[in-house]
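Visitor: Below is a structure I'd like to ask you about.
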Amino acid sequence: MCHMAGVPLARLTATWRAALGLMVAFGLGCAGTGESGVTYTKDVSQLFSDCVLCHQPGAPFGPDSPFDLSEEPDVLHPYAPEDGLVTSIAHWKRNHPDGLIPDQLVLPGQPDDSFLINKISDPALNLLPNPDINGVSMPFQIKRVTTAELAAVEQWVTSGAQDDDFYRTTVAPIFVSPNGYTYSKCDLCHFAGATTPMDLRDPFGPDGAVGVPSRFRSDMLRVAPGDPDGSLLVQRMRQSAGDNLPTSEFGAPMPKPTPNLSEAQVAIVRQWIVEGARP
């Protein structure tokens with residue numbers, strides 16, 4: 001009988017059985033299926049497309065972070081010797097050794113002892129009962145832009161997008177963490193060297209926002225001083241502040257919505273771990 005994490009298939013929920021059935025139908029079956037099994041490169045990496053915005057080398061979590069996020073797992077290089085997804089212990093376990101948290105992010109062959117499964121599973125399953133001890137579910141749900149934040153950015157752009165007192169006191173905290181220990185809605189993804197272009201920690205720099213051509217819309221600037229309607233950044237923030245969330249002529253709203261993984265997607269990750277968390 002095929003098992004998932006040591007649990008007979010008959011004991012899984014109907015949704016899980018359906019998800020596993022799809023996996024088998026597409027050649028993602030039980031361990032020992034050889035090249036037809038689940039691998040990180042072929043099956044899992046695509047599920048973490050939203051995760052790599054934060055979990056990558058150079059992400060803006062310094063060693064002085066109160067949450068020790070400098071040791072976040074690297075999803076771009078999941079098998080890195082020191083901080084890869086498959087080689088790291090859960091940093092929440094280091095900070096809360098008495099918490100009911102699996103020791104490792106990924107324990108090959110044992111998904112129920114892999115903290116990764118707790119983090120990516122449906123929040124309704126309550127696998128992370130205490131956010132102060134084990135954090136929140138992933139992908140992280142960044143809050144949408146408020147109407148007050150949008151109004152501040154529009155006012156700043158209309159006034160010429162200057163590096164002035166209004167920018168530093170009102171707009172900068174929207175773009176950048178005000179204390180260096182947490183993150184804003186923007187610099188979580190948009191920092192120097194990130195896979196997502198535009199460094200909002202230096203919006204006046206050569207790869208910042210002000211006066212810099214957009215890569216998505218070559219006919220627009222990221223921020224066009226004096227022209228909020230012609231600023232792609234403003235247009236995307238308007239989508240976030242309103243109800244127009246689908247991708248439009250201006251691209252995805254910012255911050256980008258990050259939906260939770262489906263049960264079928266989590267089932268693939270579980271099976272990847274069951275089969276040894278292969279590259």
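We label chains A, B, ... in the order they appear in the structure tokens, count residues from 1 in each chain, and number ligands from 1 in the order shown.
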Could you give me, as a compact mmCIF listing (two decimals) with N, CA, C and O atoms, in the first residue's frame, the residues within 8 Å of A:Leu127, counting only C-alpha atoms and dropping anything in the same chain fewer than 6 positions from it?
Guide:
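Written output follows (selection24.txt):
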```
# COMPACT_ATOMS: atom_id res chain seq x y z
N ASN A 118 4.79 22.41 8.15
CA ASN A 118 4.00 23.26 9.06
C ASN A 118 3.82 24.66 8.48
O ASN A 118 2.74 25.25 8.56
N LYS A 119 4.88 25.18 7.88
CA LYS A 119 4.86 26.57 7.42
C LYS A 119 4.01 26.76 6.17
O LYS A 119 3.39 27.81 5.99
N SER A 121 1.49 24.69 5.01
CA SER A 121 0.16 24.07 5.02
C SER A 121 -0.93 25.11 5.27
O SER A 121 -0.66 26.22 5.75
```
Visitor: Find the spatial neighbours of A:Val86, counting only C-alpha atoms, within a cut-off of 6 Å - ignore same-chain residues fewer than 4 positions away - and output them as a PyMOL selection string.
Guide: chain A and resi 78-79+106
Visitor: Which residues are close to stretch 259-261 of chain A, i.e. within 12 Å by only C-alpha atoms, leaving aside same-chain residues fewer than 5 positions away? Reply as number ranges by chain.
Guide: A: 44, 46-51, 117-124, 136-142, 266-269
Visitor: Go ahead and write the residues just picked, C-alpha atoms, as a tab-separated table (two decimals), in the first residue's frame.
Guide:
```tsv
chain	number	residue	atom	x	y	z
A	44	VAL	CA	9.00	21.65	-6.22
A	46	GLN	CA	8.13	26.19	-9.20
A	47	LEU	CA	5.90	26.08	-6.12
A	48	PHE	CA	8.26	28.43	-4.29
A	49	SER	CA	8.22	31.24	-6.86
A	50	ASP	CA	6.86	33.69	-4.27
A	51	CYS	CA	9.21	32.43	-1.56
A	117	ILE	CA	5.29	21.39	6.00
A	118	ASN	CA	4.00	23.26	9.06
A	119	LYS	CA	4.86	26.57	7.42
A	120	ILE	CA	3.29	25.99	3.99
A	121	SER	CA	0.16	24.07	5.02
A	122	ASP	CA	-3.30	25.62	5.16
A	123	PRO	CA	-3.45	27.96	8.20
A	124	ALA	CA	-6.84	26.40	9.04
A	136	VAL	CA	3.22	32.60	10.63
A	137	SER	CA	2.25	30.58	7.58
A	138	MET	CA	4.15	31.03	4.32
A	139	PRO	CA	4.09	32.51	1.74
A	140	PHE	CA	3.92	35.64	3.87
A	141	GLN	CA	0.79	37.68	3.30
A	142	ILE	CA	1.89	41.29	2.78
A	266	VAL	CA	1.58	20.80	-0.43
A	267	ALA	CA	1.03	17.12	-1.29
A	268	ILE	CA	3.77	17.39	-3.93
A	269	VAL	CA	6.17	18.89	-1.37
```
Visitor: Let me make sure I understand: among A:Gly251, A:Pro131, A:Gly242, A:Gly193, which one has the smallest atom-to-atom distance to A:Gly208 if we use only C-alpha atoms?
Guide: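 Selected residue with least distance to A:Gly208: A:Gly193.
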Visitor: For A:Pro228, please output as an MDAnalysis selection string all residues within 9 Å (counting only C-alpha atoms; exclusion window: fewer than 2 positions along the same chain).
Guide: chainID A and resid 153:158 223:226 230:235
